[in-house]
Amino acid sequence: MIRQLKQAKPQTERAEDDAKVRGIVEGLLDDIRSRGDAALRDMSVKFDNWDRTDYRLTDQEIRDCLSELSARDLDDIRFAQDQVRNFAQHQRAALQDIEVETLPGIVLGHKNIPVNSVGCYVPGGKYPLLASAHMSVITAGVAGVPRIVTCAPPYHGKPAPAIVAAQHLAGAQVIYCLGGVQAVGAMALGTETIEPVDMLVGPGNAFVAEAKRQLYGKVGIDLFAGPTETLVIADDTVDGEMCATDLLGQAEHGPNSPAILLTTSEKLARATMAEIERLLTILPTAAIAAQAWRDYGEVIVCDTREEMLAEANRIASEHVQVMTQDDDYFLRHMTNYGALFLGPRTNVSFGDKVIGTNHTLPTKQAARYTGGLWVGKFLKTVTYQRVLTDEASAMIGEYCSRLCMLEGFAGHAEQANLRVRRYGGRNIPYATAAD
């Protein structure tokens with residue numbers, strides 16, 4: 001039996017919030033389409049209190065940002081980027097071009113080709129989230145994307161030195177200090193001074209996520225993303241402090257970040273809720289985390305691990321921290337998640353910042369049908385075919401012609417019939433199926 005000790009804000013209220021965001025974003029994107037750079041400047045002043053005529057950072061500005069960081073800071077950034085690059089390189093090596101002769105004289109193949117240009121959004125209005133630069137810029141670079149552009153908002157009235165350093169060290173060719181809808185809108189639509197890209201990637205707030213959703217089709221995107229989510233699956237092998245810390249560690253992302261405890265132990269559930277209240281009295285980011293926990297926190301108690309598995313797959317959370325007697329049970333059987341963090345020795349923060357896996361992950365149950373950002377997202381797997389002999393062309397042509405006529409496509413059939421006549425020596429009438 002499944003019992004819910006704490007419930008989140010009703011879905012109807014969440015839908016109302018989403019509808020408001022949709023309307024605002026639609027208006028902002030229309031403004032960028034019609035007024036270009038002038039719209040960007042107005043939005044930047046209004047939303048970020050940031051005004052300049054050119055939002056691209058100069059080489060000197062980039063050097064100045066790097067000079068503000070200590071040698072330790074730069075070494076730490078390089079260490080994290082090395083981990084992301086290393087894992088991405090292993091992923092890229094697993095993606096092989098293929099060519100195979102499927103029938104005598106029939107050669108089929110596919111190639112993995114990187115997209116030509118990518119715009120990477122690095123959020124940083126509330127926190128300078130430099131890790132997002134590692135995740136997008138480095139991964140795109142390993143995929144072979146030739147043009148990588150980044151945007152990040154100003155932080156405390158100027159470019160955030162740590163974000164700029166991360167963007168530069170990761171390999172971005174062009175860096176803009178521009179945030180929010182205006183940033184992703186400019187990269188996707190282009191303006192008088194900003195050249196458009198083919199693909200948008202990177203996390204962001206609800207407005208950025210909605211802008212990417214509305215721009216999809218005009219450009220590619222990595223995935224549809226919403227507020228950060230975390231699910232802790234635990235039993236009595238861990239304590240309330242561990243669970244509470246891992247829940248609040250993600251709830252601090254924003255006031256609408258879901259944080260859910262799923263457990264077979266009511267004792268642990270109640271201990272975790274008590275520990276959350278204690279930690280909220282000392283956590284520096286408690287104002288945000290407390291609101292997220294109040295409105296989007298849930299505690300679910302199950303009788304068996306099978307019930308926990310079913311609930312976890314239903315929830316399809318972005319991050320899933322597993323701390324149980326048999327963590328590998330969930331690795332073997334879970335199908336809906338963005339990323340798994342197995343055992344108490346790891347945690348979501350490791351994945352967010354440094355361990356090497358990508359932290360741009362599916363939210364709002366998108367884990368039911370997609371994984372997160374990785375090298376493969378920047379590659380187009382495109383196919384080709386080659387017919388080597390007259391006999392093969394005529395043979396496949398006869399099958400093709402008959403199948404086309406089953407569908408009523410006479411023009412398609414004639415493409416096949418022409419090859420049968422030319423290469424097979426058969427006199428097939430125009431636009432009729434082969435015998």
# chains A, B, ... in the order shown; residues from 1 in each chain; ligands from 1
$ residues_around --residues "segment 353-362 of chain A" --least-positions-apart "5" --cutoff "9 Å" --atoms "only C-alpha atoms" --output "PyMOL selection string"
chain A and resi 77+79-88+130-132+134-136+139+201-203+222-226+228+316-319+337-339+348+367-368+370-374
$ write_last_selection --atoms "C-alpha atoms" --output "mmCIF file, in the first residue's frame"
data_model
loop_
_atom_site.group_PDB
_atom_site.id
_atom_site.type_symbol
_atom_site.label_atom_id
_atom_site.label_comp_id
_atom_site.auth_asym_id
_atom_site.auth_seq_id
_atom_site.Cartn_x
_atom_site.Cartn_y
_atom_site.Cartn_z
ATOM 1 C CA ILE A 77 37.299 24.569 -13.121
ATOM 2 C CA PHE A 79 39.517 19.614 -13.151
ATOM 3 C CA ALA A 80 35.743 19.542 -13.562
ATOM 4 C CA GLN A 81 36.043 20.194 -17.274
ATOM 5 C CA ASP A 82 38.573 17.375 -17.641
ATOM 6 C CA GLN A 83 36.063 14.950 -16.094
ATOM 7 C CA VAL A 84 33.238 16.068 -18.396
ATOM 8 C CA ARG A 85 35.516 15.947 -21.440
ATOM 9 C CA ASN A 86 36.856 12.495 -20.574
ATOM 10 C CA PHE A 87 33.397 10.935 -20.245
ATOM 11 C CA ALA A 88 32.161 12.732 -23.365
ATOM 12 C CA LEU A 130 29.484 27.825 -14.266
ATOM 13 C CA ALA A 131 29.023 24.032 -14.362
ATOM 14 C CA SER A 132 26.461 24.442 -17.132
ATOM 15 C CA HIS A 134 31.188 22.556 -18.918
ATOM 16 C CA MET A 135 28.184 20.422 -19.726
ATOM 17 C CA SER A 136 27.198 22.132 -22.966
ATOM 18 C CA THR A 139 30.246 18.199 -24.964
ATOM 19 C CA VAL A 201 21.103 23.763 -25.341
ATOM 20 C CA GLY A 202 21.412 24.351 -21.620
ATOM 21 C CA PRO A 203 19.159 24.677 -18.580
ATOM 22 C CA ASP A 222 18.553 19.477 -26.311
ATOM 23 C CA LEU A 223 15.323 18.675 -24.451
ATOM 24 C CA PHE A 224 12.249 20.210 -22.880
ATOM 25 C CA ALA A 225 13.291 21.195 -19.370
ATOM 26 C CA GLY A 226 11.595 22.616 -16.329
ATOM 27 C CA THR A 228 15.207 20.986 -11.162
ATOM 28 C CA ALA A 316 10.129 9.863 -13.835
ATOM 29 C CA SER A 317 12.329 12.320 -11.975
ATOM 30 C CA GLU A 318 15.287 14.223 -13.356
ATOM 31 C CA HIS A 319 17.641 13.142 -10.551
ATOM 32 C CA TYR A 337 14.908 8.757 -14.939
ATOM 33 C CA GLY A 338 17.327 11.430 -16.053
ATOM 34 C CA ALA A 339 20.306 10.221 -14.028
ATOM 35 C CA VAL A 348 23.299 14.691 -7.195
ATOM 36 C CA ALA A 367 12.477 10.909 -18.813
ATOM 37 C CA ARG A 368 9.731 8.582 -20.067
ATOM 38 C CA THR A 370 14.426 10.802 -23.573
ATOM 39 C CA GLY A 371 17.722 10.915 -21.755
ATOM 40 C CA GLY A 372 19.770 14.006 -21.003
ATOM 41 C CA LEU A 373 22.311 16.050 -22.901
ATOM 42 C CA TRP A 374 25.262 14.080 -24.223
#
$ residues_around --residues "Val184 of chain A" --least-positions-apart "3" --cutoff "10 Å" --atoms "only C-alpha atoms" --output "JSON, numbers by chain"
{"A": [29, 119, 120, 121, 150, 151, 152, 178, 179, 180, 181, 187, 188, 189, 190, 196, 197, 200, 201, 202, 204, 208, 209, 211, 212, 215]}
$ residues_around --residues "Lys46 of chain A" --least-positions-apart "4" --cutoff "12 Å" --atoms "only C-alpha atoms" --output "compact mmCIF listing (two decimals) with N, CA and C atoms, in the first residue's frame"
# COMPACT_ATOMS: atom_id res chain seq x y z
N LEU A 28 7.50 38.18 -25.65
CA LEU A 28 8.90 38.57 -25.71
C LEU A 28 9.56 38.11 -27.00
N ALA A 39 14.98 45.36 -29.07
CA ALA A 39 14.21 44.58 -28.10
C ALA A 39 15.12 43.94 -27.07
N LEU A 40 16.27 43.39 -27.53
CA LEU A 40 17.21 42.79 -26.58
C LEU A 40 17.65 43.80 -25.54
N ARG A 41 17.95 45.01 -25.99
CA ARG A 41 18.44 46.02 -25.06
C ARG A 41 17.37 46.40 -24.05
N ASP A 42 16.16 46.59 -24.51
CA ASP A 42 15.06 46.92 -23.59
C ASP A 42 14.85 45.82 -22.56
N TRP A 50 20.91 45.74 -17.04
CA TRP A 50 22.20 45.59 -17.73
C TRP A 50 22.07 46.23 -19.10
N ASP A 51 22.84 47.29 -19.35
CA ASP A 51 22.69 48.05 -20.58
C ASP A 51 24.04 48.26 -21.24
N GLY A 179 21.06 37.51 -20.75
CA GLY A 179 20.33 36.46 -20.04
C GLY A 179 18.90 36.29 -20.49
N GLY A 180 18.26 35.25 -19.95
CA GLY A 180 16.84 35.06 -20.08
C GLY A 180 16.34 34.78 -21.47
N GLN A 182 15.63 36.83 -23.74
CA GLN A 182 16.31 37.62 -24.76
C GLN A 182 17.56 36.91 -25.28
$ select_by_dssp --residues "segment 96-247 of chain A" --states "strand (DSSP E)" --output "MDAnalysis selection string"
chainID A and resid 98:103 106:114 117:121 147:152 174:177 199:201 220:221 230:234
$ atom_distance --atom1 "atom CA of Arg78 of chain A" --atom2 "atom CA of Glu195 of chain A"
28.9 Å
$ closest_atom_pairs --of "segment 126-214 of chain A" --to "segment 237-257 of chain A" --cutoff "10 Å" --atoms "only C-alpha atoms" --output "JSON lines"
{"residue": "A:Lys126", "atom": "CA", "partner": "A:His253", "partner_atom": "CA", "distance": 9.0}
{"residue": "A:Tyr127", "atom": "CA", "partner": "A:His253", "partner_atom": "CA", "distance": 8.9}
{"residue": "A:Asn205", "atom": "CA", "partner": "A:Gly254", "partner_atom": "CA", "distance": 8.5}
{"residue": "A:Ala206", "atom": "CA", "partner": "A:Asn256", "partner_atom": "CA", "distance": 9.4}
$ atom_distance --atom1 "atom CA of Leu331 of chain A" --atom2 "atom CA of Ala310 of chain A"
13.4 Å
$ select_by_dssp --residues "segment 155-284 of chain A" --states "helix (DSSP H, G or I)" --output "PyMOL selection string"
chain A and resi 161-170+180-189+206-215+240-251+266-279
$ closest_residue --among "A:Ala366, A:Ala140, A:Val375, A:Ile428" --to "Gly397 of chain A" --atoms "only C-alpha atoms"
A:Ile428
$ residues_around --residues "Ala133 of chain A" --least-positions-apart "4" --cutoff "6 Å" --atoms "only C-alpha atoms" --output "list in words"
Val122, Val137, Ala166 and Gln167 of chain A
$ write_last_selection --atoms "N, CA, C and O atoms" --output "short mmCIF file (atom, residue, chain, number, x, y, z; two decimals), in the first residue's frame"
data_model
loop_
_atom_site.label_atom_id
_atom_site.label_comp_id
_atom_site.auth_asym_id
_atom_site.auth_seq_id
_atom_site.Cartn_x
_atom_site.Cartn_y
_atom_site.Cartn_z
N VAL A 122 23.87 29.50 -20.34
CA VAL A 122 24.43 29.20 -19.02
C VAL A 122 23.69 30.06 -17.99
O VAL A 122 23.90 31.27 -17.95
N VAL A 137 29.24 23.31 -23.53
CA VAL A 137 30.31 23.72 -24.45
C VAL A 137 31.29 22.57 -24.70
O VAL A 137 31.65 22.28 -25.85
N ALA A 166 34.72 29.71 -17.23
CA ALA A 166 34.29 28.37 -17.62
C ALA A 166 33.94 28.32 -19.10
O ALA A 166 34.30 27.37 -19.81
N GLN A 167 33.23 29.33 -19.61
CA GLN A 167 32.89 29.37 -21.02
C GLN A 167 34.15 29.42 -21.89
O GLN A 167 34.27 28.71 -22.89
#
